[in-house]
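entry-v3.cif (mmCIF, C-alpha atoms and all ligand atoms) appears below.
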```cif
data_work
loop_
_atom_site.group_PDB
_atom_site.id
_atom_site.type_symbol
_atom_site.label_atom_id
_atom_site.label_comp_id
_atom_site.auth_asym_id
_atom_site.auth_seq_id
_atom_site.Cartn_x
_atom_site.Cartn_y
_atom_site.Cartn_z
ATOM 1 C CA MET S 203 -20.398 7.761 8.942
ATOM 2 C CA ILE S 204 -18.424 4.509 9.001
ATOM 3 C CA PHE S 205 -20.614 3.277 6.149
ATOM 4 C CA LEU S 206 -19.841 6.399 4.099
ATOM 5 C CA ILE S 207 -16.099 5.954 4.707
ATOM 6 C CA PHE S 208 -16.449 2.335 3.564
ATOM 7 C CA ILE S 209 -18.233 3.422 0.355
ATOM 8 C CA LEU S 210 -15.524 6.047 -0.227
ATOM 9 C CA GLY S 211 -12.930 3.279 0.256
ATOM 10 C CA LEU S 212 -14.669 1.075 -2.332
ATOM 11 C CA ILE S 213 -14.736 3.907 -4.876
ATOM 12 C CA ILE S 214 -11.096 4.867 -4.232
ATOM 13 C CA GLY S 215 -10.232 1.144 -4.360
ATOM 14 C CA SER S 216 -11.749 0.978 -7.823
ATOM 15 C CA PHE S 217 -9.524 3.927 -8.825
ATOM 16 C CA LEU S 218 -6.473 2.204 -7.271
ATOM 17 C CA ASN S 219 -7.167 -0.788 -9.550
ATOM 18 C CA VAL S 220 -6.910 1.517 -12.557
ATOM 19 C CA VAL S 221 -3.609 2.976 -11.294
ATOM 20 C CA ILE S 222 -2.198 -0.507 -10.534
ATOM 21 C CA TYR S 223 -3.088 -1.681 -14.014
ATOM 22 C CA ARG S 224 -2.206 1.386 -16.090
ATOM 23 C CA LEU S 225 0.649 3.256 -14.391
ATOM 24 C CA PRO S 226 3.386 0.602 -14.961
ATOM 25 C CA GLU S 227 2.420 0.429 -18.644
ATOM 26 C CA GLY S 228 2.761 4.175 -19.008
ATOM 27 C CA LYS S 229 -0.932 4.551 -19.907
ATOM 28 C CA SER S 230 -3.095 7.503 -18.908
ATOM 29 C CA ILE S 231 -5.085 7.010 -15.702
ATOM 30 C CA VAL S 232 -8.171 8.858 -16.987
ATOM 31 C CA ASP S 233 -8.228 8.178 -20.709
ATOM 32 C CA PRO S 234 -9.607 5.978 -22.237
ATOM 33 C CA PRO S 235 -12.511 5.244 -19.832
ATOM 34 C CA SER S 236 -12.642 1.824 -18.142
ATOM 35 C CA HIS S 237 -13.147 -1.004 -20.604
ATOM 36 C CA CYS S 238 -12.761 -4.763 -20.942
ATOM 37 C CA PRO S 239 -9.081 -5.465 -21.774
ATOM 38 C CA VAL S 240 -10.107 -8.339 -24.078
ATOM 39 C CA CYS S 241 -13.005 -7.052 -26.208
ATOM 40 C CA GLY S 242 -12.740 -3.325 -25.513
ATOM 41 C CA HIS S 243 -16.367 -3.124 -24.292
ATOM 42 C CA LYS S 244 -16.772 0.231 -22.533
ATOM 43 C CA LEU S 245 -18.128 -0.210 -18.996
ATOM 44 C CA SER S 246 -21.542 1.321 -18.284
ATOM 45 C CA PRO S 247 -22.109 3.249 -15.026
ATOM 46 C CA LEU S 248 -23.772 0.121 -13.587
ATOM 47 C CA GLU S 249 -20.709 -1.995 -14.398
ATOM 48 C CA LEU S 250 -18.478 0.538 -12.659
ATOM 49 C CA ILE S 251 -20.074 0.052 -9.221
ATOM 50 C CA PRO S 252 -17.328 -1.440 -7.025
ATOM 51 C CA VAL S 253 -17.721 -5.054 -5.806
ATOM 52 C CA LEU S 254 -21.486 -5.119 -6.535
ATOM 53 C CA SER S 255 -20.997 -5.072 -10.322
ATOM 54 C CA TYR S 256 -18.597 -8.001 -10.006
ATOM 55 C CA ILE S 257 -21.250 -9.996 -8.146
ATOM 56 C CA LEU S 258 -24.050 -8.973 -10.542
ATOM 57 C CA LEU S 259 -21.947 -9.877 -13.594
ATOM 58 C CA ARG S 260 -20.830 -13.104 -11.875
ATOM 59 C CA GLY S 261 -17.206 -12.138 -12.555
ATOM 60 C CA LYS S 262 -17.577 -12.048 -16.347
ATOM 61 C CA CYS S 263 -17.466 -9.310 -18.993
ATOM 62 C CA LYS S 264 -21.042 -8.553 -20.099
ATOM 63 C CA SER S 265 -20.002 -8.307 -23.737
ATOM 64 C CA CYS S 266 -17.507 -11.132 -24.371
ATOM 65 C CA GLY S 267 -17.903 -13.278 -21.244
ATOM 66 C CA VAL S 268 -14.196 -13.318 -20.361
ATOM 67 C CA ASP S 269 -13.453 -13.846 -16.645
ATOM 68 C CA ILE S 270 -12.783 -10.637 -14.682
ATOM 69 C CA SER S 271 -9.989 -11.099 -12.143
ATOM 70 C CA ILE S 272 -11.220 -11.567 -8.561
ATOM 71 C CA ARG S 273 -8.407 -9.163 -7.676
ATOM 72 C CA TYR S 274 -10.522 -6.136 -8.651
ATOM 73 C CA PRO S 275 -13.276 -6.595 -6.023
ATOM 74 C CA VAL S 276 -10.716 -7.850 -3.456
ATOM 75 C CA ILE S 277 -8.648 -4.641 -3.787
ATOM 76 C CA GLU S 278 -11.856 -2.572 -3.554
ATOM 77 C CA LEU S 279 -12.979 -4.384 -0.381
ATOM 78 C CA LEU S 280 -9.492 -4.226 1.129
ATOM 79 C CA THR S 281 -9.325 -0.467 0.490
ATOM 80 C CA GLY S 282 -12.782 -0.052 2.070
ATOM 81 C CA ILE S 283 -11.684 -1.941 5.197
ATOM 82 C CA ILE S 284 -8.371 -0.065 5.485
ATOM 83 C CA PHE S 285 -10.266 3.243 5.127
ATOM 84 C CA ILE S 286 -12.529 2.223 8.043
ATOM 85 C CA ILE S 287 -9.518 1.358 10.243
ATOM 86 C CA ASN S 288 -7.992 4.783 9.434
ATOM 87 C CA TYR S 289 -11.279 6.430 10.357
ATOM 88 C CA ILE S 290 -11.458 4.578 13.678
ATOM 89 C CA TYR S 291 -7.872 5.433 14.670
ATOM 90 C CA PHE S 292 -7.559 9.041 13.473
ATOM 91 C CA SER S 293 -10.153 11.608 14.469
ATOM 92 C CA ASP S 294 -8.075 14.581 13.294
ATOM 93 C CA LEU S 295 -9.163 15.367 9.713
ATOM 94 C CA ILE S 296 -5.641 16.244 8.459
ATOM 95 C CA ILE S 297 -4.088 13.072 9.909
ATOM 96 C CA LEU S 298 -7.007 10.996 8.618
ATOM 97 C CA THR S 299 -6.623 12.401 5.099
ATOM 98 C CA GLY S 300 -2.866 11.757 5.247
ATOM 99 C CA GLY S 301 -3.589 8.216 6.447
ATOM 100 C CA LEU S 302 -5.976 7.522 3.566
ATOM 101 C CA ILE S 303 -3.400 8.747 1.019
ATOM 102 C CA PHE S 304 -0.587 6.820 2.747
ATOM 103 C CA SER S 305 -2.606 3.561 2.837
ATOM 104 C CA SER S 306 -3.666 3.955 -0.794
ATOM 105 C CA LEU S 307 -0.038 4.452 -1.882
ATOM 106 C CA LEU S 308 1.029 1.290 -0.015
ATOM 107 C CA ILE S 309 -1.767 -0.773 -1.636
ATOM 108 C CA ILE S 310 -0.812 0.396 -5.145
ATOM 109 C CA LEU S 311 2.943 -0.102 -4.554
ATOM 110 C CA THR S 312 2.389 -3.618 -3.160
ATOM 111 C CA MET S 313 0.377 -4.744 -6.166
ATOM 112 C CA ILE S 314 2.674 -3.128 -8.769
ATOM 113 C CA ASP S 315 5.716 -4.680 -7.067
ATOM 114 C CA PHE S 316 3.982 -8.091 -7.176
ATOM 115 C CA ASP S 317 3.139 -7.724 -10.859
ATOM 116 C CA HIS S 318 6.239 -6.014 -12.241
ATOM 117 C CA GLN S 319 8.930 -6.036 -9.491
ATOM 118 C CA ILE S 320 9.157 -2.263 -9.692
ATOM 119 C CA LEU S 321 8.225 0.567 -7.341
ATOM 120 C CA PRO S 322 7.619 3.590 -9.627
ATOM 121 C CA ASP S 323 9.285 6.883 -8.630
ATOM 122 C CA LYS S 324 6.028 8.723 -9.350
ATOM 123 C CA LEU S 325 4.503 6.938 -6.348
ATOM 124 C CA THR S 326 7.503 6.641 -4.004
ATOM 125 C CA LEU S 327 9.053 10.086 -4.541
ATOM 126 C CA GLY S 328 5.668 11.684 -5.251
ATOM 127 C CA GLY S 329 4.316 10.179 -2.031
ATOM 128 C CA LEU S 330 7.403 11.355 -0.149
ATOM 129 C CA GLY S 331 6.627 14.911 -1.272
ATOM 130 C CA VAL S 332 3.002 14.573 -0.149
ATOM 131 C CA GLY S 333 4.021 13.118 3.238
ATOM 132 C CA PHE S 334 6.520 15.902 3.810
ATOM 133 C CA ILE S 335 4.038 18.656 2.850
ATOM 134 C CA PHE S 336 1.417 17.107 5.170
ATOM 135 C CA SER S 337 3.865 17.326 8.077
ATOM 136 C CA PHE S 338 3.595 21.133 7.905
ATOM 137 C CA PHE S 339 -0.087 20.890 8.852
ATOM 138 C CA ARG S 340 -0.117 17.894 11.196
ATOM 139 C CA SER S 341 -0.520 18.289 14.931
ATOM 140 C CA ASP S 342 1.006 14.897 15.790
ATOM 141 C CA ILE S 343 4.426 15.203 14.099
ATOM 142 C CA THR S 344 6.716 18.098 13.161
ATOM 143 C CA VAL S 345 8.398 18.900 9.849
ATOM 144 C CA ILE S 346 11.776 17.989 11.379
ATOM 145 C CA TYR S 347 10.361 14.644 12.529
ATOM 146 C CA SER S 348 9.092 13.892 9.008
ATOM 147 C CA LEU S 349 12.483 14.831 7.570
ATOM 148 C CA ALA S 350 14.198 12.610 10.150
ATOM 149 C CA GLY S 351 11.894 9.780 9.054
ATOM 150 C CA ILE S 352 12.879 10.216 5.401
ATOM 151 C CA LEU S 353 16.598 10.240 6.236
ATOM 152 C CA ALA S 354 16.526 7.425 8.823
ATOM 153 C CA ALA S 355 14.478 4.889 6.834
ATOM 154 C CA GLY S 356 15.974 5.790 3.450
ATOM 155 C CA GLY S 357 19.466 5.903 4.964
ATOM 156 C CA LEU S 358 19.168 2.545 6.710
ATOM 157 C CA LEU S 359 17.992 0.790 3.546
ATOM 158 C CA PHE S 360 20.671 2.560 1.508
ATOM 159 C CA LEU S 361 23.259 1.161 3.929
ATOM 160 C CA ILE S 362 21.765 -2.334 3.669
ATOM 161 C CA ALA S 363 21.813 -1.993 -0.142
ATOM 162 C CA LEU S 364 25.514 -1.083 -0.026
ATOM 163 C CA LEU S 365 26.388 -3.939 2.358
ATOM 164 C CA SER S 366 24.317 -6.534 0.487
ATOM 165 C CA LYS S 367 25.749 -5.346 -2.853
ATOM 166 C CA GLY S 368 22.480 -4.898 -4.694
ATOM 167 C CA GLY S 369 20.258 -7.244 -2.655
ATOM 168 C CA MET S 370 18.037 -4.256 -1.982
ATOM 169 C CA GLY S 371 16.523 -2.255 -4.830
ATOM 170 C CA GLY S 372 16.541 1.520 -5.191
ATOM 171 C CA GLY S 373 12.730 1.393 -5.223
ATOM 172 C CA ASP S 374 12.683 -0.113 -1.716
ATOM 173 C CA ILE S 375 14.924 2.711 -0.464
ATOM 174 C CA LYS S 376 12.673 5.398 -1.958
ATOM 175 C CA MET S 377 9.502 3.688 -0.723
ATOM 176 C CA MET S 378 10.741 3.524 2.862
ATOM 177 C CA ALA S 379 11.862 7.165 2.669
ATOM 178 C CA MET S 380 8.244 7.875 1.633
ATOM 179 C CA VAL S 381 6.989 5.863 4.632
ATOM 180 C CA GLY S 382 9.334 7.879 6.863
ATOM 181 C CA SER S 383 7.882 11.151 5.585
ATOM 182 C CA PHE S 384 4.465 10.071 6.894
ATOM 183 C CA THR S 385 5.454 8.195 10.066
ATOM 184 C CA GLY S 386 8.752 9.690 11.276
ATOM 185 C CA PRO S 387 11.897 7.658 12.016
ATOM 186 C CA ILE S 388 10.766 5.288 14.808
ATOM 187 C CA ILE S 389 7.826 3.681 13.004
ATOM 188 C CA ALA S 390 9.586 3.737 9.605
ATOM 189 C CA VAL S 391 12.743 1.988 10.871
ATOM 190 C CA SER S 392 10.622 -0.487 12.877
ATOM 191 C CA SER S 393 8.613 -1.172 9.702
ATOM 192 C CA ILE S 394 11.800 -2.295 7.964
ATOM 193 C CA PHE S 395 12.470 -4.839 10.721
ATOM 194 C CA LEU S 396 8.835 -5.968 10.862
ATOM 195 C CA GLY S 397 8.748 -6.274 7.043
ATOM 196 C CA ALA S 398 11.961 -8.328 7.087
ATOM 197 C CA MET S 399 10.491 -10.599 9.789
ATOM 198 C CA ILE S 400 7.256 -11.155 7.830
ATOM 199 C CA ALA S 401 9.282 -11.784 4.637
ATOM 200 C CA LEU S 402 11.427 -14.358 6.445
ATOM 201 C CA ILE S 403 8.374 -16.176 7.836
ATOM 202 C CA ALA S 404 6.652 -16.097 4.440
ATOM 203 C CA HIS S 405 9.729 -17.474 2.663
ATOM 204 C CA LEU S 406 10.672 -19.993 5.375
ATOM 205 C CA PRO S 407 8.900 -22.978 3.731
ATOM 206 C CA GLY S 408 10.685 -22.255 0.439
ATOM 207 C CA LEU S 409 14.064 -21.811 2.158
ATOM 208 C CA VAL S 410 13.705 -25.019 4.205
ATOM 209 C CA SER S 411 12.595 -27.123 1.231
ATOM 210 C CA GLY S 412 15.435 -25.661 -0.840
ATOM 211 C CA LYS S 413 13.101 -24.201 -3.476
ATOM 212 C CA THR S 414 14.246 -20.715 -2.546
ATOM 213 C CA GLY S 415 18.023 -20.332 -2.533
ATOM 214 C CA MET S 416 19.885 -17.613 -0.638
ATOM 215 C CA LYS S 417 20.702 -16.075 -4.022
ATOM 216 C CA THR S 418 17.089 -16.034 -5.261
ATOM 217 C CA LYS S 419 15.909 -12.468 -5.807
ATOM 218 C CA LEU S 420 12.734 -11.948 -3.787
ATOM 219 C CA PRO S 421 10.509 -8.885 -3.973
ATOM 220 C CA PHE S 422 10.862 -7.184 -0.615
ATOM 221 C CA GLY S 423 8.518 -4.273 -1.342
ATOM 222 C CA PRO S 424 5.183 -5.909 -0.471
ATOM 223 C CA PHE S 425 6.538 -7.014 2.922
ATOM 224 C CA LEU S 426 7.939 -3.568 3.683
ATOM 225 C CA ALA S 427 4.592 -2.060 2.727
ATOM 226 C CA LEU S 428 2.689 -4.531 4.916
ATOM 227 C CA GLY S 429 4.995 -3.866 7.891
ATOM 228 C CA SER S 430 4.530 -0.121 7.386
ATOM 229 C CA LEU S 431 0.741 -0.367 7.258
ATOM 230 C CA ILE S 432 0.581 -2.563 10.389
ATOM 231 C CA LEU S 433 2.741 -0.104 12.346
ATOM 232 C CA TRP S 434 0.823 2.900 10.980
ATOM 233 C CA PHE S 435 -2.167 1.602 12.988
ATOM 234 C CA TRP S 436 -0.740 -0.540 15.778
ATOM 235 C CA SER S 437 2.730 0.764 16.639
ATOM 236 C CA GLU S 438 1.910 1.317 20.339
ATOM 237 C CA GLU S 439 0.434 -2.159 20.754
ATOM 238 C CA LEU S 440 3.362 -3.816 18.953
ATOM 239 C CA PHE S 441 6.003 -1.774 20.795
ATOM 240 C CA ASP S 442 4.349 -2.773 24.113
ATOM 241 C CA LEU S 443 4.296 -6.407 23.034
ATOM 242 C CA TYR S 444 7.960 -6.234 22.040
ATOM 243 C CA ILE S 445 8.960 -4.701 25.379
ATOM 244 C CA ASN S 446 6.965 -7.316 27.301
ATOM 245 C CA LEU S 447 8.499 -10.163 25.307
ATOM 246 C CA PHE S 448 12.145 -9.122 25.161
ATOM 247 C CA ILE S 449 12.930 -6.515 27.790
HETATM 248 ZN ZN ZN G 501 -15.058 -8.209 -22.800
#
```

Output the file's structure as C-alpha cells, nothing else.
Ligand SMILES: [Zn+2]
Amino acid sequence: MIFLIFILGLIIGSFLNVVIYRLPEGKSIVDPPSHCPVCGHKLSPLELIPVLSYILLRGKCKSCGVDISIRYPVIELLTGIIFIINYIYFSDLIILTGGLIFSSLLIILTMIDFDHQILPDKLTLGGLGVGFIFSFFRSDITVIYSLAGILAAGGLLFLIALLSKGGMGGGDIKMMAMVGSFTGPIIAVSSIFLGAMIALIAHLPGLVSGKTGMKTKLPFGPFLALGSLILWFWSEELFDLYINLFI
C-alpha cells in the first residue's frame, strides 16, 4: 500500500509541476498537453512517466536535446515522500485525503512564491474553502475550530502586516488563513512562529555579512509553508520539545 501511495504521489507531483508552471502565467492546466517549452515537442506517454522518464532521457528533451530542469523530478519525488508521510500519520481516509490536498497546495504555493513572489488567490482562498468544507466531515476537528484557525492565523498576520506597514503581503495572510482552515488555530499560529524562525536562520548569513539589509524584501511564503507542513505532521513532538526546553 505504501508503494501505491508513493506512485500516486509521483503522479500528483507531475501534475503539481504543471500547475506551478502554468497557473501564474494564466495558462490552462489541461490544454495544450505537456510539451517541451523550447521546441514544442509533444511528450509521449513514456516521456510522461514521473522521475523515470527524466532518468531514461538523461534530463534532456528527446526532440531538441535541451536540458530539462532537475526541479521536475525533485518535485515529483518530494510529493511522493510527503504522500507517504501523510499515509503513515493519518489512518482516517477523510483526514488523509485532506492532508494530501493540504500538502499539495503548500508545495505549489512554495514554488510559485519562489518563482514569481506571488501566492495566487485561486490556491490560497480556494484552498481555504476546501479546508473549511473538509472540517464538516472530519472527526478530529470541528467546523468552529476550522473557522477559529482561519480567523486566528489570518488575523495575526493581518495585524503584523498593519504594524510592519506592508512588510507582510496579502498573499501570506490568505495562505495562513488557508492553513488555519485545515489545522485550526494552535498549529496555524505556531506555524507562523516556526516559519519566522526558519526564515531568520536561513537569512542569518546574509544579514550578518550585510548582503541582506533590514529593508530587503524577502519572500516569507515558502518559510510559512514549510513551518505549516512540519507542524501538520509533528506538532505534538515539537510542542513537547518546546515545553521541555523552555518551560
Ligand atoms: Zn525540446

| request: Excluding segment 355-362 of chain S and residues on its chain fewer than 5 positions from it, collect all residues at most 12 Å away from it, counting only C-alpha atoms, and give them as a VMD selection string. | output: chain S and resid 326 to 327 330 348 to 350 367 to 395 398 422 to 423 426 430

Listing only residues of chain S within 12 Å of ligand ZN 501 (chain G), what is the closest atom pair and its distance in Å (to one decimal) for each, using all atoms listed in the file, sorted by chain and residue number ascending, as a Markdown table?
```
| residue | atom | partner | partner_atom | distance |
| --- | --- | --- | --- | --- |
| S:Ser236 | CA | G:ZN501 | ZN | 11.3 |
| S:His237 | CA | G:ZN501 | ZN | 7.8 |
| S:Cys238 | CA | G:ZN501 | ZN | 4.5 |
| S:Pro239 | CA | G:ZN501 | ZN | 6.7 |
| S:Val240 | CA | G:ZN501 | ZN | 5.1 |
| S:Cys241 | CA | G:ZN501 | ZN | 4.1 |
| S:Gly242 | CA | G:ZN501 | ZN | 6.0 |
| S:His243 | CA | G:ZN501 | ZN | 5.5 |
| S:Lys244 | CA | G:ZN501 | ZN | 8.6 |
| S:Leu245 | CA | G:ZN501 | ZN | 9.4 |
| S:Glu249 | CA | G:ZN501 | ZN | 11.9 |
| S:Leu259 | CA | G:ZN501 | ZN | 11.6 |
| S:Gly261 | CA | G:ZN501 | ZN | 11.2 |
| S:Lys262 | CA | G:ZN501 | ZN | 7.9 |
| S:Cys263 | CA | G:ZN501 | ZN | 4.6 |
| S:Lys264 | CA | G:ZN501 | ZN | 6.6 |
| S:Ser265 | CA | G:ZN501 | ZN | 5.0 |
| S:Cys266 | CA | G:ZN501 | ZN | 4.1 |
| S:Gly267 | CA | G:ZN501 | ZN | 6.0 |
| S:Val268 | CA | G:ZN501 | ZN | 5.7 |
| S:Asp269 | CA | G:ZN501 | ZN | 8.5 |
| S:Ile270 | CA | G:ZN501 | ZN | 8.8 |
```

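With distances restricted to all atoms listed in the file, S:Pro424 is the closest residue to His318 of chain S from S:Pro424, S:Pro234, S:Pro275, S:Gly412.
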
| said: Going by the chain IDs and residue numbers used in this file, which residues fall under the PyMOL selection byres (((chain S and resi 288-303) around 9) and not hetatm)? Write them as a ChimeraX atom specification. | reply: /S:204,207,211,283-287,304-308,329,332-333,336,339-342,384,434-435

Which neighbours of Leu218 of chain S fall inside 9 Å, counting all atoms listed in the file, when residues of the same chain fewer than 6 positions from it are skipped, and could you give them as a compact mmCIF listing (two decimals) with C-alpha atoms, in the frame of the given file?
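As written to disk, result_12.txt reads:
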```txt
# COMPACT_ATOMS: atom_id res chain seq x y z
CA ILE S 277 -8.65 -4.64 -3.79
CA GLU S 278 -11.86 -2.57 -3.55
CA THR S 281 -9.32 -0.47 0.49
CA SER S 306 -3.67 3.96 -0.79
CA LEU S 307 -0.04 4.45 -1.88
CA ILE S 309 -1.77 -0.77 -1.64
CA ILE S 310 -0.81 0.40 -5.14
```

| Shell of 12 Å around Glu227 of chain S, all atoms listed in the file, local chain residues under 3 positions omitted, as a PyMOL selection string | chain S and resi 220-224+230-231+314+317-318+320+322

| task | Rank S:Leu365, S:Leu443, S:Ile403, S:Val410 by their smallest atom-to-atom distance to Phe425 of chain S, using only C-alpha atoms, and report the top residue only. | result | S:Ile403

| field | Option closest in space to Val253 of chain S, from S:Leu321, S:Val232, S:Val276, S:Leu440 [counting all atoms listed in the file] | value |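 Under the stated criterion, the closest residue is S:Val276.
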
| remark: A straight line from atom CA of Tyr347 of chain S to atom CA of Gly328 of chain S spans 18.6 Å

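When all atoms listed in the file are used to compute distances to Phe441 of chain S, the closest of the residues S:Leu406, S:Leu396, S:Ala427, S:Ile251 turns out to be S:Leu396.
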
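Here atom CA of Met399 of chain S is placed at a distance of 20.3 Å from atom CA of Leu364 of chain S.
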
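Using all atoms listed in the file, the shortest contact distance between Ser216 of chain S and any of S:Leu279, S:Leu402, S:Ile272, S:Met203 is found at S:Leu279.
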
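The space between atom CA of Leu210 of chain S and atom CA of Glu439 of chain S spans 27.6 Å.
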
| said: Let me make sure I understand: among S:Phe338, S:Thr344, S:Leu248, S:Leu420, which one has the smallest atom-to-atom distance to Gly408 of chain S if we use only C-alpha atoms? | reply: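 Among S:Phe338, S:Thr344, S:Leu248, S:Leu420, it is S:Leu420 that comes nearest to Gly408 of chain S.
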